[in-house]
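Everything below belongs to protein_21.cif, which stores mmCIF, C-alpha atoms.
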```
data_work
#
loop_
_atom_site.group_PDB
_atom_site.id
_atom_site.type_symbol
_atom_site.label_atom_id
_atom_site.label_comp_id
_atom_site.auth_asym_id
_atom_site.auth_seq_id
_atom_site.Cartn_x
_atom_site.Cartn_y
_atom_site.Cartn_z
ATOM 1 C CA MET A 553 55.432 -101.892 -22.030
ATOM 2 C CA GLY A 554 54.542 -102.931 -18.488
ATOM 3 C CA ILE A 555 53.311 -100.841 -15.609
ATOM 4 C CA LYS A 556 55.228 -97.664 -14.842
ATOM 5 C CA LYS A 557 52.691 -95.066 -13.734
ATOM 6 C CA ILE A 558 50.407 -95.775 -10.765
ATOM 7 C CA GLY A 559 47.605 -93.732 -9.242
ATOM 8 C CA PHE A 560 47.187 -94.437 -5.529
ATOM 9 C CA ILE A 561 43.983 -93.466 -3.713
ATOM 10 C CA GLY A 562 43.858 -93.731 0.081
ATOM 11 C CA THR A 563 47.008 -92.827 2.026
ATOM 12 C CA GLY A 564 46.001 -93.805 5.549
ATOM 13 C CA ILE A 565 47.747 -96.190 7.954
ATOM 14 C CA MET A 566 48.127 -98.909 5.324
ATOM 15 C CA GLY A 567 48.138 -96.926 2.099
ATOM 16 C CA ALA A 568 50.912 -94.491 2.969
ATOM 17 C CA ALA A 569 53.384 -97.296 3.613
ATOM 18 C CA MET A 570 52.309 -99.198 0.503
ATOM 19 C CA ALA A 571 52.587 -96.175 -1.789
ATOM 20 C CA GLY A 572 56.001 -95.458 -0.276
ATOM 21 C CA HIS A 573 57.234 -98.905 -1.283
ATOM 22 C CA LEU A 574 56.066 -98.312 -4.848
ATOM 23 C CA LEU A 575 57.954 -95.003 -4.989
ATOM 24 C CA ALA A 576 61.075 -96.656 -3.627
ATOM 25 C CA ALA A 577 60.763 -99.379 -6.285
ATOM 26 C CA GLY A 578 60.880 -96.761 -9.043
ATOM 27 C CA PHE A 579 57.221 -96.443 -10.049
ATOM 28 C CA GLU A 580 55.836 -93.003 -10.869
ATOM 29 C CA VAL A 581 53.147 -92.546 -8.220
ATOM 30 C CA SER A 582 50.308 -90.015 -8.146
ATOM 31 C CA VAL A 583 48.210 -89.846 -4.978
ATOM 32 C CA TYR A 584 44.806 -88.678 -3.786
ATOM 33 C CA ASN A 585 43.399 -88.706 -0.274
ATOM 34 C CA ARG A 586 40.421 -86.858 1.188
ATOM 35 C CA THR A 587 42.777 -85.347 3.765
ATOM 36 C CA LYS A 588 45.799 -84.016 1.899
ATOM 37 C CA ALA A 589 47.884 -83.796 5.076
ATOM 38 C CA LYS A 590 47.993 -87.595 5.197
ATOM 39 C CA ALA A 591 49.776 -87.588 1.837
ATOM 40 C CA GLU A 592 52.437 -84.997 2.687
ATOM 41 C CA GLY A 593 55.055 -87.622 3.537
ATOM 42 C CA LEU A 594 54.584 -89.245 0.125
ATOM 43 C CA LEU A 595 54.722 -85.892 -1.666
ATOM 44 C CA SER A 596 58.076 -85.212 -0.001
ATOM 45 C CA GLN A 597 59.258 -88.556 -1.416
ATOM 46 C CA GLY A 598 58.340 -87.542 -4.961
ATOM 47 C CA ALA A 599 54.686 -88.508 -5.365
ATOM 48 C CA LYS A 600 52.450 -86.204 -7.405
ATOM 49 C CA TRP A 601 49.286 -84.800 -5.805
ATOM 50 C CA CYS A 602 45.899 -85.079 -7.556
ATOM 51 C CA ASP A 603 42.723 -83.227 -6.564
ATOM 52 C CA SER A 604 40.206 -86.032 -7.159
ATOM 53 C CA PRO A 605 39.963 -89.784 -7.749
ATOM 54 C CA GLY A 606 39.277 -89.152 -11.416
ATOM 55 C CA ALA A 607 42.352 -86.958 -11.790
ATOM 56 C CA CYS A 608 44.416 -89.612 -10.033
ATOM 57 C CA ALA A 609 43.233 -92.229 -12.525
ATOM 58 C CA LYS A 610 43.918 -90.269 -15.734
ATOM 59 C CA GLY A 611 46.823 -91.520 -17.795
ATOM 60 C CA GLN A 612 47.874 -94.192 -15.298
ATOM 61 C CA ASP A 613 48.876 -97.739 -16.182
ATOM 62 C CA ALA A 614 47.319 -98.920 -12.916
ATOM 63 C CA VAL A 615 45.201 -97.415 -10.154
ATOM 64 C CA ILE A 616 45.273 -98.747 -6.591
ATOM 65 C CA THR A 617 42.621 -97.952 -3.996
ATOM 66 C CA ILE A 618 42.621 -98.709 -0.283
ATOM 67 C CA VAL A 619 39.866 -96.625 1.291
ATOM 68 C CA GLY A 620 37.497 -97.041 4.228
ATOM 69 C CA TYR A 621 34.117 -98.565 3.478
ATOM 70 C CA PRO A 622 32.245 -100.160 0.551
ATOM 71 C CA LYS A 623 30.388 -96.859 0.018
ATOM 72 C CA ASP A 624 33.777 -95.166 -0.441
ATOM 73 C CA VAL A 625 34.837 -97.834 -2.925
ATOM 74 C CA GLU A 626 31.613 -97.357 -4.874
ATOM 75 C CA GLU A 627 32.108 -93.593 -4.952
ATOM 76 C CA VAL A 628 35.717 -93.592 -6.129
ATOM 77 C CA TYR A 629 35.073 -96.187 -8.843
ATOM 78 C CA LEU A 630 31.551 -95.587 -10.119
ATOM 79 C CA SER A 631 30.843 -91.857 -9.662
ATOM 80 C CA GLU A 632 30.918 -89.380 -12.550
ATOM 81 C CA ASN A 633 34.368 -88.136 -11.565
ATOM 82 C CA GLY A 634 35.514 -91.586 -10.524
ATOM 83 C CA ILE A 635 38.135 -93.995 -11.680
ATOM 84 C CA ILE A 636 36.239 -95.953 -14.331
ATOM 85 C CA GLU A 637 35.093 -92.823 -16.173
ATOM 86 C CA ASN A 638 38.617 -91.391 -16.255
ATOM 87 C CA ALA A 639 41.075 -94.275 -16.534
ATOM 88 C CA LYS A 640 42.716 -94.887 -19.886
ATOM 89 C CA GLU A 641 41.732 -97.951 -21.884
ATOM 90 C CA GLY A 642 43.698 -101.022 -20.849
ATOM 91 C CA ALA A 643 44.539 -99.748 -17.378
ATOM 92 C CA TYR A 644 44.498 -102.068 -14.377
ATOM 93 C CA LEU A 645 42.220 -101.131 -11.469
ATOM 94 C CA ILE A 646 43.204 -102.701 -8.144
ATOM 95 C CA ASP A 647 40.910 -102.339 -5.150
ATOM 96 C CA MET A 648 42.823 -103.361 -2.024
ATOM 97 C CA THR A 649 40.098 -102.209 0.368
ATOM 98 C CA THR A 650 38.260 -104.881 2.334
ATOM 99 C CA SER A 651 34.880 -104.501 0.676
ATOM 100 C CA SER A 652 31.826 -106.383 -0.547
ATOM 101 C CA PRO A 653 32.354 -109.230 -3.049
ATOM 102 C CA ILE A 654 29.075 -108.223 -4.677
ATOM 103 C CA LEU A 655 30.405 -104.688 -5.227
ATOM 104 C CA ALA A 656 33.650 -106.146 -6.598
ATOM 105 C CA GLU A 657 31.646 -108.014 -9.227
ATOM 106 C CA ARG A 658 29.835 -104.790 -10.203
ATOM 107 C CA ILE A 659 33.106 -102.888 -10.557
ATOM 108 C CA PHE A 660 34.631 -105.697 -12.623
ATOM 109 C CA ALA A 661 31.691 -105.639 -15.048
ATOM 110 C CA ALA A 662 31.615 -101.826 -15.327
ATOM 111 C CA ALA A 663 35.372 -101.728 -15.922
ATOM 112 C CA LYS A 664 35.211 -104.426 -18.574
ATOM 113 C CA GLU A 665 32.665 -102.394 -20.548
ATOM 114 C CA LYS A 666 35.255 -99.580 -20.706
ATOM 115 C CA GLY A 667 38.137 -101.829 -21.706
ATOM 116 C CA LEU A 668 39.643 -101.786 -18.214
ATOM 117 C CA HIS A 669 40.975 -104.660 -16.113
ATOM 118 C CA ALA A 670 39.611 -104.618 -12.557
ATOM 119 C CA VAL A 671 40.709 -106.896 -9.728
ATOM 120 C CA ASP A 672 39.707 -107.070 -6.079
ATOM 121 C CA ALA A 673 42.899 -107.541 -4.060
ATOM 122 C CA PRO A 674 42.294 -107.067 -0.326
ATOM 123 C CA VAL A 675 45.269 -107.546 1.952
ATOM 124 C CA THR A 676 46.044 -109.117 5.311
ATOM 125 C CA GLY A 677 48.943 -108.420 7.645
ATOM 126 C CA GLY A 678 47.909 -105.082 9.154
ATOM 127 C CA ASP A 679 50.077 -102.019 9.551
ATOM 128 C CA THR A 680 53.145 -104.172 10.251
ATOM 129 C CA GLY A 681 52.724 -106.052 6.994
ATOM 130 C CA ALA A 682 52.221 -102.801 5.087
ATOM 131 C CA LYS A 683 55.355 -101.224 6.592
ATOM 132 C CA ASN A 684 57.479 -104.328 6.010
ATOM 133 C CA ALA A 685 56.023 -105.134 2.556
ATOM 134 C CA THR A 686 55.048 -108.614 3.781
ATOM 135 C CA LEU A 687 51.304 -108.428 3.143
ATOM 136 C CA SER A 688 49.230 -111.330 1.917
ATOM 137 C CA ILE A 689 47.322 -110.215 -1.184
ATOM 138 C CA LEU A 690 44.150 -112.131 -2.096
ATOM 139 C CA VAL A 691 43.150 -111.522 -5.697
ATOM 140 C CA GLY A 692 39.904 -111.958 -7.604
ATOM 141 C CA GLY A 693 39.414 -111.172 -11.288
ATOM 142 C CA ASP A 694 40.944 -112.446 -14.526
ATOM 143 C CA GLU A 695 44.004 -114.614 -13.980
ATOM 144 C CA SER A 696 45.751 -112.755 -16.798
ATOM 145 C CA SER A 697 45.424 -109.540 -14.767
ATOM 146 C CA PHE A 698 46.902 -111.276 -11.727
ATOM 147 C CA ALA A 699 49.890 -112.298 -13.855
ATOM 148 C CA ALA A 700 50.339 -108.802 -15.310
ATOM 149 C CA LEU A 701 50.258 -107.226 -11.848
ATOM 150 C CA GLN A 702 52.997 -109.393 -10.333
ATOM 151 C CA PRO A 703 55.602 -106.588 -10.527
ATOM 152 C CA VAL A 704 53.284 -104.370 -8.459
ATOM 153 C CA PHE A 705 52.073 -106.965 -5.971
ATOM 154 C CA SER A 706 55.598 -108.281 -5.318
ATOM 155 C CA VAL A 707 56.636 -104.826 -4.067
ATOM 156 C CA LEU A 708 53.809 -104.809 -1.518
ATOM 157 C CA GLY A 709 53.578 -108.365 -0.258
ATOM 158 C CA LYS A 710 55.051 -111.837 0.021
ATOM 159 C CA ASN A 711 52.035 -114.145 -0.132
ATOM 160 C CA LEU A 712 50.262 -113.477 -3.430
ATOM 161 C CA VAL A 713 47.275 -115.748 -4.022
ATOM 162 C CA TYR A 714 44.968 -115.835 -7.040
ATOM 163 C CA MET A 715 41.601 -116.827 -5.584
ATOM 164 C CA GLY A 716 39.422 -116.924 -8.701
ATOM 165 C CA THR A 717 36.937 -114.762 -10.566
ATOM 166 C CA ALA A 718 35.770 -111.265 -9.582
ATOM 167 C CA GLY A 719 34.784 -111.071 -5.922
ATOM 168 C CA ALA A 720 36.836 -114.115 -4.907
ATOM 169 C CA GLY A 721 39.517 -111.981 -3.280
ATOM 170 C CA GLN A 722 36.925 -110.281 -1.099
ATOM 171 C CA LYS A 723 35.383 -113.623 -0.163
ATOM 172 C CA ALA A 724 38.801 -114.885 0.923
ATOM 173 C CA LYS A 725 39.357 -111.738 2.981
ATOM 174 C CA ALA A 726 35.999 -112.326 4.676
ATOM 175 C CA CYS A 727 37.253 -115.810 5.638
ATOM 176 C CA ASN A 728 40.356 -114.196 7.108
ATOM 177 C CA GLN A 729 38.376 -111.720 9.198
ATOM 178 C CA ILE A 730 35.960 -114.415 10.370
ATOM 179 C CA ALA A 731 38.919 -116.444 11.653
ATOM 180 C CA ILE A 732 40.434 -113.358 13.321
ATOM 181 C CA ALA A 733 37.160 -112.567 15.093
ATOM 182 C CA GLY A 734 37.154 -115.852 16.953
ATOM 183 C CA ALA A 735 40.900 -115.816 17.675
ATOM 184 C CA LEU A 736 40.867 -112.244 19.003
ATOM 185 C CA ALA A 737 37.751 -112.709 21.137
ATOM 186 C CA GLY A 738 39.107 -115.971 22.529
ATOM 187 C CA ALA A 739 42.397 -114.337 23.527
ATOM 188 C CA CYS A 740 40.536 -111.438 25.165
ATOM 189 C CA GLU A 741 38.360 -113.861 27.123
ATOM 190 C CA ALA A 742 41.460 -115.704 28.341
ATOM 191 C CA TYR A 743 42.895 -112.556 29.910
ATOM 192 C CA ALA A 744 39.511 -111.570 31.316
ATOM 193 C CA TYR A 745 39.476 -114.950 33.082
ATOM 194 C CA ALA A 746 43.056 -114.456 34.253
ATOM 195 C CA GLN A 747 42.227 -111.052 35.713
ATOM 196 C CA ALA A 748 39.023 -112.238 37.388
ATOM 197 C CA SER A 749 40.745 -115.246 38.933
ATOM 198 C CA GLY A 750 43.613 -113.214 40.339
ATOM 199 C CA LEU A 751 46.398 -114.269 37.988
ATOM 200 C CA ASP A 752 49.211 -111.932 37.002
ATOM 201 C CA LEU A 753 48.492 -110.973 33.362
ATOM 202 C CA GLU A 754 52.133 -110.814 32.315
ATOM 203 C CA LYS A 755 52.888 -114.251 33.744
ATOM 204 C CA THR A 756 49.756 -115.563 32.058
ATOM 205 C CA PHE A 757 50.978 -114.199 28.734
ATOM 206 C CA GLN A 758 54.353 -115.881 29.225
ATOM 207 C CA ALA A 759 52.621 -119.125 30.134
ATOM 208 C CA ILE A 760 50.152 -119.452 27.273
ATOM 209 C CA SER A 761 51.279 -117.326 24.318
ATOM 210 C CA ALA A 762 54.029 -119.681 23.149
ATOM 211 C CA GLY A 763 52.013 -122.894 23.376
ATOM 212 C CA ALA A 764 48.976 -124.321 21.649
ATOM 213 C CA ALA A 765 46.925 -121.241 22.580
ATOM 214 C CA GLY A 766 49.365 -118.921 20.853
ATOM 215 C CA SER A 767 48.277 -116.883 17.812
ATOM 216 C CA PHE A 768 49.125 -113.734 15.878
ATOM 217 C CA GLN A 769 46.195 -112.033 17.575
ATOM 218 C CA MET A 770 47.515 -112.885 21.032
ATOM 219 C CA SER A 771 51.189 -112.143 20.426
ATOM 220 C CA ASN A 772 50.729 -108.952 18.414
ATOM 221 C CA VAL A 773 47.300 -107.393 18.903
ATOM 222 C CA VAL A 774 46.387 -108.373 22.471
ATOM 223 C CA ARG A 775 50.020 -107.867 23.480
ATOM 224 C CA ARG A 776 49.694 -104.183 22.579
ATOM 225 C CA GLY A 777 46.612 -103.877 24.748
ATOM 226 C CA LEU A 778 48.281 -105.576 27.709
ATOM 227 C CA ASP A 779 51.067 -103.002 27.351
ATOM 228 C CA GLY A 780 48.493 -100.203 27.486
ATOM 229 C CA ASN A 781 48.914 -99.352 23.798
ATOM 230 C CA PHE A 782 45.556 -98.943 22.058
ATOM 231 C CA GLU A 783 46.798 -96.969 19.056
ATOM 232 C CA PRO A 784 45.355 -98.467 15.893
ATOM 233 C CA GLY A 785 47.309 -100.820 13.733
ATOM 234 C CA PHE A 786 43.810 -101.542 12.463
ATOM 235 C CA MET A 787 40.893 -99.452 13.675
ATOM 236 C CA LEU A 788 38.111 -101.159 15.583
ATOM 237 C CA LYS A 789 35.471 -99.429 13.437
ATOM 238 C CA HIS A 790 37.045 -100.839 10.271
ATOM 239 C CA PHE A 791 37.121 -104.282 11.857
ATOM 240 C CA GLY A 792 33.415 -103.861 12.527
ATOM 241 C CA LYS A 793 32.890 -102.991 8.865
ATOM 242 C CA ASP A 794 34.719 -106.149 7.817
ATOM 243 C CA LEU A 795 32.733 -108.370 10.185
ATOM 244 C CA ALA A 796 29.489 -106.820 8.949
ATOM 245 C CA ILE A 797 30.427 -107.744 5.367
ATOM 246 C CA GLY A 798 30.961 -111.344 6.466
ATOM 247 C CA THR A 799 27.695 -111.398 8.390
ATOM 248 C CA GLU A 800 25.639 -109.926 5.557
ATOM 249 C CA THR A 801 27.094 -112.056 2.781
ATOM 250 C CA SER A 802 26.989 -115.263 4.833
ATOM 251 C CA ALA A 803 23.214 -114.917 4.920
ATOM 252 C CA ALA A 804 23.185 -114.611 1.135
ATOM 253 C CA TYR A 805 25.377 -117.720 0.874
ATOM 254 C CA GLY A 806 23.145 -119.667 3.262
ATOM 255 C CA THR A 807 25.534 -120.277 6.151
ATOM 256 C CA ALA A 808 25.217 -119.333 9.835
ATOM 257 C CA LEU A 809 28.187 -117.732 11.634
ATOM 258 C CA PRO A 810 27.179 -117.340 15.292
ATOM 259 C CA ILE A 811 30.654 -116.529 16.652
ATOM 260 C CA LEU A 812 31.107 -113.827 14.034
ATOM 261 C CA GLY A 813 27.723 -112.351 14.947
ATOM 262 C CA GLN A 814 28.637 -112.261 18.638
ATOM 263 C CA VAL A 815 31.992 -110.547 18.057
ATOM 264 C CA LEU A 816 30.360 -108.036 15.716
ATOM 265 C CA ALA A 817 27.856 -107.166 18.467
ATOM 266 C CA GLU A 818 30.750 -106.643 20.903
ATOM 267 C CA VAL A 819 32.571 -104.371 18.455
ATOM 268 C CA ARG A 820 29.419 -102.350 17.784
ATOM 269 C CA GLN A 821 28.929 -101.822 21.524
ATOM 270 C CA LEU A 822 32.471 -100.475 21.860
ATOM 271 C CA GLU A 823 31.889 -98.213 18.860
ATOM 272 C CA ARG A 824 28.786 -96.779 20.526
ATOM 273 C CA GLN A 825 30.921 -96.085 23.593
ATOM 274 C CA GLY A 826 33.341 -94.040 21.474
ATOM 275 C CA SER A 827 36.149 -96.569 20.942
ATOM 276 C CA GLY A 828 35.858 -96.978 17.166
ATOM 277 C CA ASN A 829 39.123 -95.188 16.409
ATOM 278 C CA GLN A 830 41.133 -97.384 18.785
ATOM 279 C CA GLY A 831 42.958 -100.506 17.654
ATOM 280 C CA THR A 832 41.212 -103.862 17.635
ATOM 281 C CA GLN A 833 42.966 -104.663 20.933
ATOM 282 C CA ALA A 834 40.296 -102.421 22.496
ATOM 283 C CA LEU A 835 38.104 -105.540 22.439
ATOM 284 C CA LEU A 836 39.839 -106.268 25.764
ATOM 285 C CA TRP A 837 37.707 -103.483 27.256
ATOM 286 C CA TYR A 838 34.501 -105.291 26.354
ATOM 287 C CA TYR A 839 35.661 -108.178 28.525
ATOM 288 C CA GLY A 840 36.401 -105.894 31.435
ATOM 289 C CA LEU A 841 40.155 -105.534 31.354
ATOM 290 C CA GLU A 842 41.241 -102.292 32.953
ATOM 291 C CA LYS A 843 42.607 -99.438 30.851
ATOM 292 C CA LYS A 844 46.168 -98.521 31.844
#
```
Transcribe the structure of this file into structure tokens.
Amino acid sequence: MGIKKIGFIGTGIMGAAMAGHLLAAGFEVSVYNRTKAKAEGLLSQGAKWCDSPGACAKGQDAVITIVGYPKDVEEVYLSENGIIENAKEGAYLIDMTTSSPILAERIFAAAKEKGLHAVDAPVTGGDTGAKNATLSILVGGDESSFAALQPVFSVLGKNLVYMGTAGAGQKAKACNQIAIAGALAGACEAYAYAQASGLDLEKTFQAISAGAAGSFQMSNVVRRGLDGNFEPGFMLKHFGKDLAIGTETSAAYGTALPILGQVLAEVRQLERQGSGNQGTQALLWYYGLEKK
């Protein structure tokens, strides 16, 4: 029969755009968010409101979650009124939050006991990728589930990669965030040096952004900061959460990540100073660039 009815939990910066694409593609979409106001735009497009994660899971062919932190993922999936206790047998459960691979394995096992098909499918591409439906989707779980979910994933993204068994999608997302940490911090340091040495920042951007030093982080994220725009495409506090997952699990996997640890410390300092709700370009402030 295929997937027709989708429950969507988490309608923030990323989720609202993603759920909107599913509505536009003809899926029947029910939504839940802790703050209902953030779902109003989707309701006006024809989405159905649900009062809890469990209610949003009932009767759906698939349930998608993209929430804040691993503790939120655990609550919406494993609580008494959560997804696993309320989803119909055979439903697909798709967690697109950046979360713990260890938690993803727990959810996969709990879902399997109930006859449900769980995958971890974190995304990369930020708010721009969500709005343009060009996300990269990194999937862990059964390969048969990955195949069955192609009609859903293809509406949301362009680079769809099956990474392996449960938790593999989250591990791949950790790799992505580890790489971003170094690229973002390096770009911020470059402009800190430019400012300290008396260079014009705009001319410096023109000089180095299109060459070997160029990167997505420089041309998109740091560019916003240089323009004085610190609105979040991706919140600094959520970036800190992602880096913490990489730091914690790297210890379990027996590898040292000193650059990741340093950038995490920088992010945590900015959070303590009240900048957690700013975009990740706020890392420029740690390196002393002036706020416009």
**Message:** Using the chain letters and numbers from this file, what does the PyMOL selection byres ((chain A and resi 554) around 12) select? Give the answer as an NGL selection string.
**Reply:** :A and (553 or 555-558 or 579 or 612-614 or 642-644 or 697 or 699-704)
Export of the given selection (C-alpha atoms) as a PDB file, keeping the file's coordinate frame:
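Done, and the output landed in selection33.pdb:
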```pdb
ATOM      1  CA  MET A 553      55.432-101.892 -22.030  1.00  0.00           C
ATOM      2  CA  ILE A 555      53.311-100.841 -15.609  1.00  0.00           C
ATOM      3  CA  LYS A 556      55.228 -97.664 -14.842  1.00  0.00           C
ATOM      4  CA  LYS A 557      52.691 -95.066 -13.734  1.00  0.00           C
ATOM      5  CA  ILE A 558      50.407 -95.775 -10.765  1.00  0.00           C
ATOM      6  CA  PHE A 579      57.221 -96.443 -10.049  1.00  0.00           C
ATOM      7  CA  GLN A 612      47.874 -94.192 -15.298  1.00  0.00           C
ATOM      8  CA  ASP A 613      48.876 -97.739 -16.182  1.00  0.00           C
ATOM      9  CA  ALA A 614      47.319 -98.920 -12.916  1.00  0.00           C
ATOM     10  CA  GLY A 642      43.698-101.022 -20.849  1.00  0.00           C
ATOM     11  CA  ALA A 643      44.539 -99.748 -17.378  1.00  0.00           C
ATOM     12  CA  TYR A 644      44.498-102.068 -14.377  1.00  0.00           C
ATOM     13  CA  SER A 697      45.424-109.540 -14.767  1.00  0.00           C
ATOM     14  CA  ALA A 699      49.890-112.298 -13.855  1.00  0.00           C
ATOM     15  CA  ALA A 700      50.339-108.802 -15.310  1.00  0.00           C
ATOM     16  CA  LEU A 701      50.258-107.226 -11.848  1.00  0.00           C
ATOM     17  CA  GLN A 702      52.997-109.393 -10.333  1.00  0.00           C
ATOM     18  CA  PRO A 703      55.602-106.588 -10.527  1.00  0.00           C
ATOM     19  CA  VAL A 704      53.284-104.370  -8.459  1.00  0.00           C
TER      20      VAL A 704
END
```
**Request:** Quote the spacing between CA of Ile561 in chain A and CA of Gly798 in chain A in Å to one decimal place.
**Result:** 24.3 Å
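The interatomic distance for the pair CA of Asn585 in chain A and CA of Trp601 in chain A works out to 9.0 Å.
Comparing the minimum interatomic distances between Ser802 in chain A and each of A:Ser767, A:Leu736, A:Phe786, A:Ser652, counting all atoms listed in the file, we find that A:Ser652 sits nearest.
Put simply, the PyMOL selection byres ((chain A and resi 668) around 8) on this file hits A:Ile636, A:Ala639, A:Lys640, A:Glu641, A:Gly642, A:Ala643, A:Tyr644, A:Leu645, A:Ala663, A:Lys664, A:Glu665, A:Lys666, A:Gly667, A:His669, A:Ala670.
Each of A:Phe705, A:Tyr629, A:Tyr743, A:Tyr621 was checked against Glu842 in chain A using all atoms listed in the file; the smallest atom-to-atom distance is that of A:Tyr743.
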**Request:** Check what the PyMOL selection byres ((chain A and resi 783) around 8) selects in the file above and give those residues as an MDAnalysis selection string.
**Result:** chainID A and resid 781:782 784:785 830:831
Hey, can I get the axis-aligned box for range 794-797 of chain A? All listed atoms, 4 Å padding on each side, centre and edge lengths in Å to one decimal, as lines of an AutoDock Vina configuration file.
```
center_x = 32.1
center_y = -107.3
center_z = 7.8
size_x = 13.2
size_y = 10.2
size_z = 12.8
```
**Fill in**
From the list A:Tyr745, A:Phe791, A:Tyr805, A:Phe698, the nearest residue to Leu835 in chain A using all atoms listed in the file is A:Phe791
**Message:** Rounded to one decimal, what separation in Å do you get between CA of Ser761 in chain A and CA of Trp837 in chain A?
**Reply:** 19.6 Å
Select from range 630-688 of chain A every residue with an atom at most 8 Å from any atom of range 706-726 of chain A, then for each give the shortest pair of atoms and their distance in Å to one decimal, using only C-alpha atoms, rows by chain and rising number, as CSV.
```
residue,atom,partner,partner_atom,distance
A:Thr650,CA,A:Gln722,CA,6.5
A:Ser651,CA,A:Gln722,CA,6.4
A:Ser652,CA,A:Gln722,CA,6.4
A:Pro653,CA,A:Gly719,CA,4.2
A:Ile654,CA,A:Gly719,CA,6.5
A:Leu655,CA,A:Gly719,CA,7.8
A:Ala656,CA,A:Gly719,CA,5.1
A:Glu657,CA,A:Ala718,CA,5.3
A:Phe660,CA,A:Ala718,CA,6.4
A:Val671,CA,A:Ala718,CA,6.6
A:Asp672,CA,A:Gly721,CA,5.7
A:Ala673,CA,A:Gly721,CA,5.6
A:Pro674,CA,A:Gln722,CA,6.3
A:Val675,CA,A:Lys725,CA,7.3
A:Thr676,CA,A:Lys725,CA,7.6
A:Gly681,CA,A:Gly709,CA,7.7
A:Ala682,CA,A:Leu708,CA,7.1
A:Ala685,CA,A:Leu708,CA,4.6
A:Thr686,CA,A:Gly709,CA,4.3
A:Leu687,CA,A:Gly709,CA,4.1
A:Ser688,CA,A:Asn711,CA,4.5
```
Completion step: range 653-667 of chain A with N, CA and C atoms as a compact mmCIF listing (two decimals), in the frame of the given file:
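Output (selection_11.txt):
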```
# COMPACT_ATOMS: atom_id res chain seq x y z
N PRO A 653 32.12 -108.47 -1.81
CA PRO A 653 32.35 -109.23 -3.05
C PRO A 653 31.32 -108.93 -4.12
N ILE A 654 30.12 -108.57 -3.71
CA ILE A 654 29.08 -108.22 -4.68
C ILE A 654 29.43 -106.92 -5.38
N LEU A 655 29.95 -105.94 -4.63
CA LEU A 655 30.40 -104.69 -5.23
C LEU A 655 31.60 -104.94 -6.14
N ALA A 656 32.49 -105.82 -5.76
CA ALA A 656 33.65 -106.15 -6.60
C ALA A 656 33.21 -106.68 -7.96
N GLU A 657 32.17 -107.48 -7.97
CA GLU A 657 31.65 -108.01 -9.23
C GLU A 657 31.07 -106.90 -10.10
N ARG A 658 30.39 -105.94 -9.46
CA ARG A 658 29.84 -104.79 -10.20
C ARG A 658 30.95 -103.96 -10.83
N ILE A 659 31.99 -103.70 -10.06
CA ILE A 659 33.11 -102.89 -10.56
C ILE A 659 33.81 -103.61 -11.70
N PHE A 660 33.99 -104.91 -11.57
CA PHE A 660 34.63 -105.70 -12.62
C PHE A 660 33.85 -105.57 -13.93
N ALA A 661 32.53 -105.71 -13.84
CA ALA A 661 31.69 -105.64 -15.05
C ALA A 661 31.70 -104.25 -15.66
N ALA A 662 31.61 -103.20 -14.81
CA ALA A 662 31.62 -101.83 -15.33
C ALA A 662 32.95 -101.50 -15.97
N ALA A 663 34.05 -101.98 -15.37
CA ALA A 663 35.37 -101.73 -15.92
C ALA A 663 35.54 -102.43 -17.27
N LYS A 664 35.06 -103.65 -17.34
CA LYS A 664 35.21 -104.43 -18.57
C LYS A 664 34.52 -103.74 -19.75
N GLU A 665 33.38 -103.12 -19.49
CA GLU A 665 32.66 -102.39 -20.55
C GLU A 665 33.49 -101.24 -21.11
N LYS A 666 34.41 -100.71 -20.30
CA LYS A 666 35.26 -99.58 -20.71
C LYS A 666 36.64 -100.02 -21.18
N GLY A 667 36.83 -101.33 -21.29
CA GLY A 667 38.14 -101.83 -21.71
C GLY A 667 39.19 -101.76 -20.62
```
